[in-house]
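Q: Sharing a structure below in structure tokens format, with a few things to ask.
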Amino acid sequence: MWKKELWLETDFINNFYPGHLHNLVFIDLEFFPVYVTPNKVQQRIFGYTITRILETNESQYIKIQLIENHREEKHLVKEIISDLQLLQGKIFVGFNIINSDLYCLTKRIRSLKLKPDISPLTILDLYDPKQSQYRGGLNGLFEYLDINIDKQINGLYIRRNAKRVLSQKENASEIINRIYEYCLEDAKNYFYIVSNWKQKFPPLDPNTFRQYEFKVKRY
């Protein structure tokens with residue numbers, strides 16, 4: 001398992017919602033496609049990013065994990081579940097996480113026959129189809145909020161190159177480091193969304209945040 005943790009000094013302002021910065025947890029999963037049959041593709045989890053502001057020292061904590069072979073996916077999913085359990089009561093924030101990240105995670109939990117004991121999560125999904133003209137993806141949201149990110153690689157890079165890492169090709173180390181840098185670019189800038197939000201949008205109402213329950217079989 002490939003993992004890096006960072007603690008960054010911060011000076012963010014909460015222009016996001018009437019609550020504490022410490023309650024916000026940004027989460028993002030990376031997937032790669034696997035052909036289980038010639039006509040059926042299954043999305044499996046390749047990486048995981050989580051970032052939040054720590055109450056102890058006000059630093060921004062970032063954790064990025066990436067698998068280096070197929071067998072590590074189950075361990076990664078277990079770590080994600082463990083973090084979700086540890087942070088129950090927080091507000092999980094991401095872009096299209098309900099229909100993408102959490103949907104994929106639920107399917108992988110079922111396929112791996114895991115039994116997570118997680119209470120319903122409070123979710124703030126930044127994706128809003130009604131405002132797609134400037135939220136046509138996370139990069140579009142960054143741009144609309146005047147958060148300047150010089151993206152070096154496209155998100156498709158992960159889908160196209162994950163197999164090279166998992167099969168331990170000669171340049172696997174270089175690829176996984178580029179994927180890490182891609183994940184870090186987003187992670188370092190998530191809380192600028194919180195700071196810049198008021199420039200374009202009114203503060204969010206916590207009563208409108210959604211609840212997400214992992215509906216999986218008990219084996």
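Following the order of the structure tokens, first chain is A, next is B, and so on, with residues numbered from 1 inside each chain and ligands from 1 in the order they appear.
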Which residues, written as an NGL selection string, have at least one atom at most 9 Å from A:Leu21, with only C-alpha atoms counted and residues fewer than 4 positions away on the same chain left out?
A: :A and (12-14 or 16-17 or 25 or 52-55 or 191 or 194)
Q: Just the helix (DSSP H, G or I) stuff from stretch 30-219 of chain A, please, per backbone DSSP, written as a JSON list (two decimals) with C-alpha atoms, in the first residue's frame.
A:
```
[["chain", "number", "residue", "atom", "x", "y", "z"],
["A", 72, "GLU", "CA", -4.64, -4.40, -1.64],
["A", 73, "GLU", "CA", -8.04, -3.07, -2.68],
["A", 74, "LYS", "CA", -9.88, -4.91, 0.12],
["A", 75, "HIS", "CA", -7.45, -3.52, 2.70],
["A", 76, "LEU", "CA", -7.94, 0.00, 1.29],
["A", 77, "VAL", "CA", -11.73, -0.31, 1.46],
["A", 78, "LYS", "CA", -11.43, -1.45, 5.07],
["A", 79, "GLU", "CA", -9.32, 1.62, 5.86],
["A", 80, "ILE", "CA", -11.92, 3.88, 4.23],
["A", 81, "ILE", "CA", -14.65, 2.24, 6.34],
["A", 82, "SER", "CA", -12.51, 2.68, 9.47],
["A", 83, "ASP", "CA", -12.08, 6.41, 8.75],
["A", 84, "LEU", "CA", -15.80, 6.85, 8.12],
["A", 85, "GLN", "CA", -16.55, 5.14, 11.43],
["A", 86, "LEU", "CA", -13.98, 7.28, 13.25],
["A", 97, "ILE", "CA", -19.80, 11.88, -4.23],
["A", 98, "ILE", "CA", -23.29, 10.45, -3.82],
["A", 99, "ASN", "CA", -23.64, 9.18, -7.38],
["A", 100, "SER", "CA", -19.96, 8.44, -7.88],
["A", 101, "ASP", "CA", -17.66, 7.91, -4.89],
["A", 102, "LEU", "CA", -20.17, 6.57, -2.34],
["A", 103, "TYR", "CA", -22.03, 4.61, -5.01],
["A", 104, "CYS", "CA", -18.82, 2.87, -6.06],
["A", 105, "LEU", "CA", -17.76, 2.31, -2.45],
["A", 106, "THR", "CA", -21.11, 0.69, -1.62],
["A", 107, "LYS", "CA", -20.82, -1.66, -4.60],
["A", 108, "ARG", "CA", -17.25, -2.65, -3.65],
["A", 109, "ILE", "CA", -18.32, -3.26, -0.03],
["A", 110, "ARG", "CA", -20.97, -5.63, -1.34],
["A", 111, "SER", "CA", -18.61, -7.39, -3.75],
["A", 129, "PRO", "CA", -26.99, 19.96, -12.01],
["A", 130, "LYS", "CA", -29.04, 23.18, -11.94],
["A", 131, "GLN", "CA", -25.83, 25.21, -12.01],
["A", 138, "LEU", "CA", -14.56, 19.99, -9.78],
["A", 139, "ASN", "CA", -12.11, 21.93, -11.94],
["A", 140, "GLY", "CA", -14.98, 24.10, -13.16],
["A", 141, "LEU", "CA", -15.98, 24.84, -9.58],
["A", 142, "PHE", "CA", -12.40, 25.77, -8.68],
["A", 143, "GLU", "CA", -12.28, 28.11, -11.66],
["A", 144, "TYR", "CA", -15.65, 29.71, -10.88],
["A", 156, "LEU", "CA", -8.17, 10.11, -17.17],
["A", 157, "TYR", "CA", -4.48, 9.52, -16.49],
["A", 158, "ILE", "CA", -5.44, 7.35, -13.51],
["A", 159, "ARG", "CA", -7.87, 5.18, -15.47],
["A", 160, "ARG", "CA", -5.35, 4.72, -18.28],
["A", 161, "ASN", "CA", -2.33, 4.00, -16.11],
["A", 162, "ALA", "CA", -3.60, 2.20, -12.99],
["A", 163, "LYS", "CA", -3.03, -1.18, -14.66],
["A", 164, "ARG", "CA", 0.64, -0.31, -15.20],
["A", 165, "VAL", "CA", 1.03, 0.19, -11.46],
["A", 166, "LEU", "CA", -0.93, -2.93, -10.56],
["A", 172, "ALA", "CA", 5.16, 2.03, -11.96],
["A", 173, "SER", "CA", 6.92, 4.18, -9.36],
["A", 174, "GLU", "CA", 6.86, 7.23, -11.65],
["A", 175, "ILE", "CA", 3.16, 6.72, -12.45],
["A", 176, "ILE", "CA", 2.07, 6.37, -8.83],
["A", 177, "ASN", "CA", 3.95, 9.53, -7.89],
["A", 178, "ARG", "CA", 2.20, 11.44, -10.69],
["A", 179, "ILE", "CA", -1.16, 10.13, -9.50],
["A", 180, "TYR", "CA", -0.27, 11.24, -5.97],
["A", 181, "GLU", "CA", 0.56, 14.75, -7.23],
["A", 182, "TYR", "CA", -2.79, 14.82, -9.07],
["A", 183, "CYS", "CA", -4.66, 13.91, -5.87],
["A", 184, "LEU", "CA", -2.62, 16.39, -3.82],
["A", 185, "GLU", "CA", -3.44, 19.29, -6.18],
["A", 186, "ASP", "CA", -7.11, 18.88, -5.36],
["A", 187, "ALA", "CA", -6.64, 18.11, -1.66],
["A", 188, "LYS", "CA", -4.56, 21.24, -0.98],
["A", 189, "ASN", "CA", -7.27, 23.41, -2.54],
["A", 190, "TYR", "CA", -10.48, 21.93, -1.14],
["A", 191, "PHE", "CA", -10.66, 24.35, 1.78],
["A", 192, "TYR", "CA", -10.23, 27.31, -0.55],
["A", 193, "ILE", "CA", -13.75, 26.38, -1.67],
["A", 194, "VAL", "CA", -14.82, 27.06, 1.91],
["A", 195, "SER", "CA", -12.98, 30.39, 1.99],
["A", 196, "ASN", "CA", -14.12, 31.62, -1.44],
["A", 197, "TRP", "CA", -17.69, 30.32, -1.34],
["A", 198, "LYS", "CA", -19.31, 33.62, -0.31],
["A", 199, "GLN", "CA", -17.96, 35.36, -3.43],
["A", 206, "PRO", "CA", -27.09, 22.49, 7.22],
["A", 207, "ASN", "CA", -30.75, 21.42, 7.23],
["A", 208, "THR", "CA", -30.45, 20.77, 3.48]]
```
Q: Could you state the separation of atom CA of A:Val36 and atom CA of A:His70 in Å, given to one decimal place?
A: 13.5 Å
Q: For stretch 31-33 of chain A, list every protein, DNA or RNA residue within 7 Å, evaluated using only C-alpha atoms, and leave out those in the same chain fewer than 2 positions away; present the list as a PyMOL selection string.
A: chain A and resi 29+35+41-47+159+162
Q: Those residues you just picked out, can you put them in a file as a short mmCIF file (atom, residue, chain, number, x, y, z; two decimals), in the first residue's frame with all heavy atoms?
A:
```cif
data_model
loop_
_atom_site.label_atom_id
_atom_site.label_comp_id
_atom_site.auth_asym_id
_atom_site.auth_seq_id
_atom_site.Cartn_x
_atom_site.Cartn_y
_atom_site.Cartn_z
N LEU A 29 -12.51 9.50 -3.99
CA LEU A 29 -12.02 8.17 -4.35
C LEU A 29 -11.61 8.16 -5.81
O LEU A 29 -12.19 8.86 -6.63
CB LEU A 29 -13.10 7.10 -4.12
CG LEU A 29 -13.71 7.01 -2.71
CD1 LEU A 29 -14.68 5.84 -2.65
CD2 LEU A 29 -12.64 6.87 -1.65
N TYR A 35 -12.48 -5.41 -16.64
CA TYR A 35 -13.44 -6.18 -17.43
C TYR A 35 -13.61 -7.55 -16.77
O TYR A 35 -12.74 -8.40 -16.85
CB TYR A 35 -12.95 -6.34 -18.87
CG TYR A 35 -13.18 -5.10 -19.71
CD1 TYR A 35 -12.22 -4.09 -19.76
CD2 TYR A 35 -14.36 -4.92 -20.43
CE1 TYR A 35 -12.42 -2.94 -20.51
CE2 TYR A 35 -14.57 -3.78 -21.19
CZ TYR A 35 -13.60 -2.80 -21.22
OH TYR A 35 -13.81 -1.66 -21.97
N VAL A 41 -18.01 -4.15 -17.38
CA VAL A 41 -16.91 -3.44 -16.73
C VAL A 41 -17.29 -3.17 -15.28
O VAL A 41 -18.41 -2.77 -14.99
CB VAL A 41 -16.61 -2.10 -17.45
CG1 VAL A 41 -15.50 -1.35 -16.70
CG2 VAL A 41 -16.20 -2.35 -18.88
N GLN A 42 -16.34 -3.41 -14.40
CA GLN A 42 -16.56 -3.15 -12.97
C GLN A 42 -15.55 -2.10 -12.50
O GLN A 42 -14.36 -2.20 -12.77
CB GLN A 42 -16.37 -4.45 -12.17
CG GLN A 42 -16.68 -4.31 -10.70
CD GLN A 42 -16.48 -5.63 -9.97
OE1 GLN A 42 -15.36 -6.07 -9.78
NE2 GLN A 42 -17.58 -6.27 -9.58
N GLN A 43 -16.07 -1.07 -11.83
CA GLN A 43 -15.18 -0.04 -11.28
C GLN A 43 -14.64 -0.49 -9.94
O GLN A 43 -15.41 -0.83 -9.04
CB GLN A 43 -15.93 1.29 -11.12
CG GLN A 43 -16.42 1.90 -12.41
CD GLN A 43 -15.29 2.37 -13.32
OE1 GLN A 43 -14.18 2.60 -12.87
NE2 GLN A 43 -15.59 2.51 -14.59
N ARG A 44 -13.33 -0.50 -9.80
CA ARG A 44 -12.71 -0.86 -8.53
C ARG A 44 -11.92 0.33 -7.99
O ARG A 44 -11.53 1.22 -8.73
CB ARG A 44 -11.81 -2.09 -8.71
CG ARG A 44 -12.64 -3.31 -9.13
CD ARG A 44 -11.85 -4.58 -9.12
NE ARG A 44 -12.68 -5.69 -9.55
CZ ARG A 44 -12.23 -6.93 -9.74
NH1 ARG A 44 -10.94 -7.20 -9.54
NH2 ARG A 44 -13.05 -7.88 -10.13
N ILE A 45 -11.72 0.33 -6.69
CA ILE A 45 -11.13 1.49 -6.04
C ILE A 45 -9.62 1.40 -6.06
O ILE A 45 -9.03 0.43 -5.59
CB ILE A 45 -11.66 1.63 -4.60
CG1 ILE A 45 -13.18 1.84 -4.64
CG2 ILE A 45 -10.99 2.79 -3.88
CD1 ILE A 45 -13.84 1.86 -3.29
N PHE A 46 -9.00 2.45 -6.59
CA PHE A 46 -7.55 2.51 -6.73
C PHE A 46 -6.91 3.42 -5.68
O PHE A 46 -5.79 3.18 -5.22
CB PHE A 46 -7.19 3.01 -8.13
CG PHE A 46 -5.71 3.12 -8.38
CD1 PHE A 46 -4.97 2.00 -8.73
CD2 PHE A 46 -5.05 4.33 -8.26
CE1 PHE A 46 -3.60 2.08 -8.96
CE2 PHE A 46 -3.69 4.43 -8.48
CZ PHE A 46 -2.96 3.30 -8.84
N GLY A 47 -7.63 4.49 -5.30
CA GLY A 47 -7.04 5.45 -4.38
C GLY A 47 -8.07 6.18 -3.55
O GLY A 47 -9.27 6.13 -3.82
N ARG A 159 -7.18 6.31 -14.84
CA ARG A 159 -7.87 5.18 -15.47
C ARG A 159 -6.97 4.48 -16.49
O ARG A 159 -7.00 3.26 -16.63
CB ARG A 159 -9.15 5.66 -16.16
CG ARG A 159 -10.17 6.23 -15.19
CD ARG A 159 -11.37 6.80 -15.94
NE ARG A 159 -12.07 5.79 -16.71
CZ ARG A 159 -13.05 5.03 -16.24
NH1 ARG A 159 -13.44 5.17 -14.99
NH2 ARG A 159 -13.65 4.14 -17.00
N ALA A 162 -3.53 3.01 -14.22
CA ALA A 162 -3.60 2.20 -12.99
C ALA A 162 -3.10 0.78 -13.23
O ALA A 162 -2.39 0.21 -12.38
CB ALA A 162 -5.04 2.18 -12.47
#
```
Q: May I ask for the distance between atom CA of A:Ser59 and atom CA of A:His22, given in Å to one decimal place?
A: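 Between these atoms lies a distance of 10.2 Å.
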Q: Tell me which protein, DNA and RNA residues are within 8 Å of A:Gly94, counting only C-alpha atoms, leaving out same-chain ones fewer than 6 positions away, and put them as a PyMOL selection string.
A: chain A and resi 26-28+124-126
Q: Output C-alpha atoms for every residue in that selection, as a PDB file, in the first residue's frame.
A:
```
ATOM      1  CA  PHE A  26     -13.418  16.387   2.123  1.00  0.00           C
ATOM      2  CA  ILE A  27     -13.268  12.928   0.596  1.00  0.00           C
ATOM      3  CA  ASP A  28     -12.448  11.663  -2.896  1.00  0.00           C
ATOM      4  CA  LEU A 124     -22.715  17.760   1.318  1.00  0.00           C
ATOM      5  CA  ASP A 125     -22.443  17.085  -2.395  1.00  0.00           C
ATOM      6  CA  LEU A 126     -21.050  20.085  -4.274  1.00  0.00           C
TER       7      LEU A 126
END
```
Q: Please report the interatomic distance between atom CA of A:Ile67 and atom CA of A:Asn39 in Å with one decimal.
A: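 Calculated distance between atom CA of A:Ile67 and atom CA of A:Asn39 is 25.3 Å.
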Q: Pick from A:Leu24, A:Ile118, A:Val93, A:Leu6: nearest to A:Lys63, with only C-alpha atoms counted?
A: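 Selected residue with least distance to A:Lys63: A:Leu6.
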Q: I need the residue nearest A:Lys169 from this list: A:Glu68, A:Asp146, A:Asp205, A:Asp117. Use only C-alpha atoms for the distance.
A: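 Ranked by minimum distance to A:Lys169, first place goes to A:Glu68.
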Q: Considering only C-alpha atoms, can you say which of A:Phe209, A:Tyr48, A:Trp2, A:Trp7 comes closest to A:Ile91?
A: A:Phe209
Q: Excluding A:Thr122 and any residue of its chain fewer than 5 positions from it, enumerate the residues within 9 Å of it, using only C-alpha atoms, and give them as a list in words.
A: Gln88, Gly89, Lys90, Ile91, Phe92, Val93, Phe209, Arg210, Gln211 and Tyr212 of chain A
Q: Check the DSSP output for the backbone and give back, as a PyMOL selection string, the residues of stretch 3-219 of chain A in strand (DSSP E or B).
A: chain A and resi 3-8+24-37+40-53+60-66+91-94+121-125+210-212
Q: Find the residue from A:Asn57, A:Asn154, A:Ser119, A:Asn69 that sits nearest to A:Glu213; use only C-alpha atoms when measuring.
A: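 For A:Glu213, the nearest of the candidates is A:Ser119.
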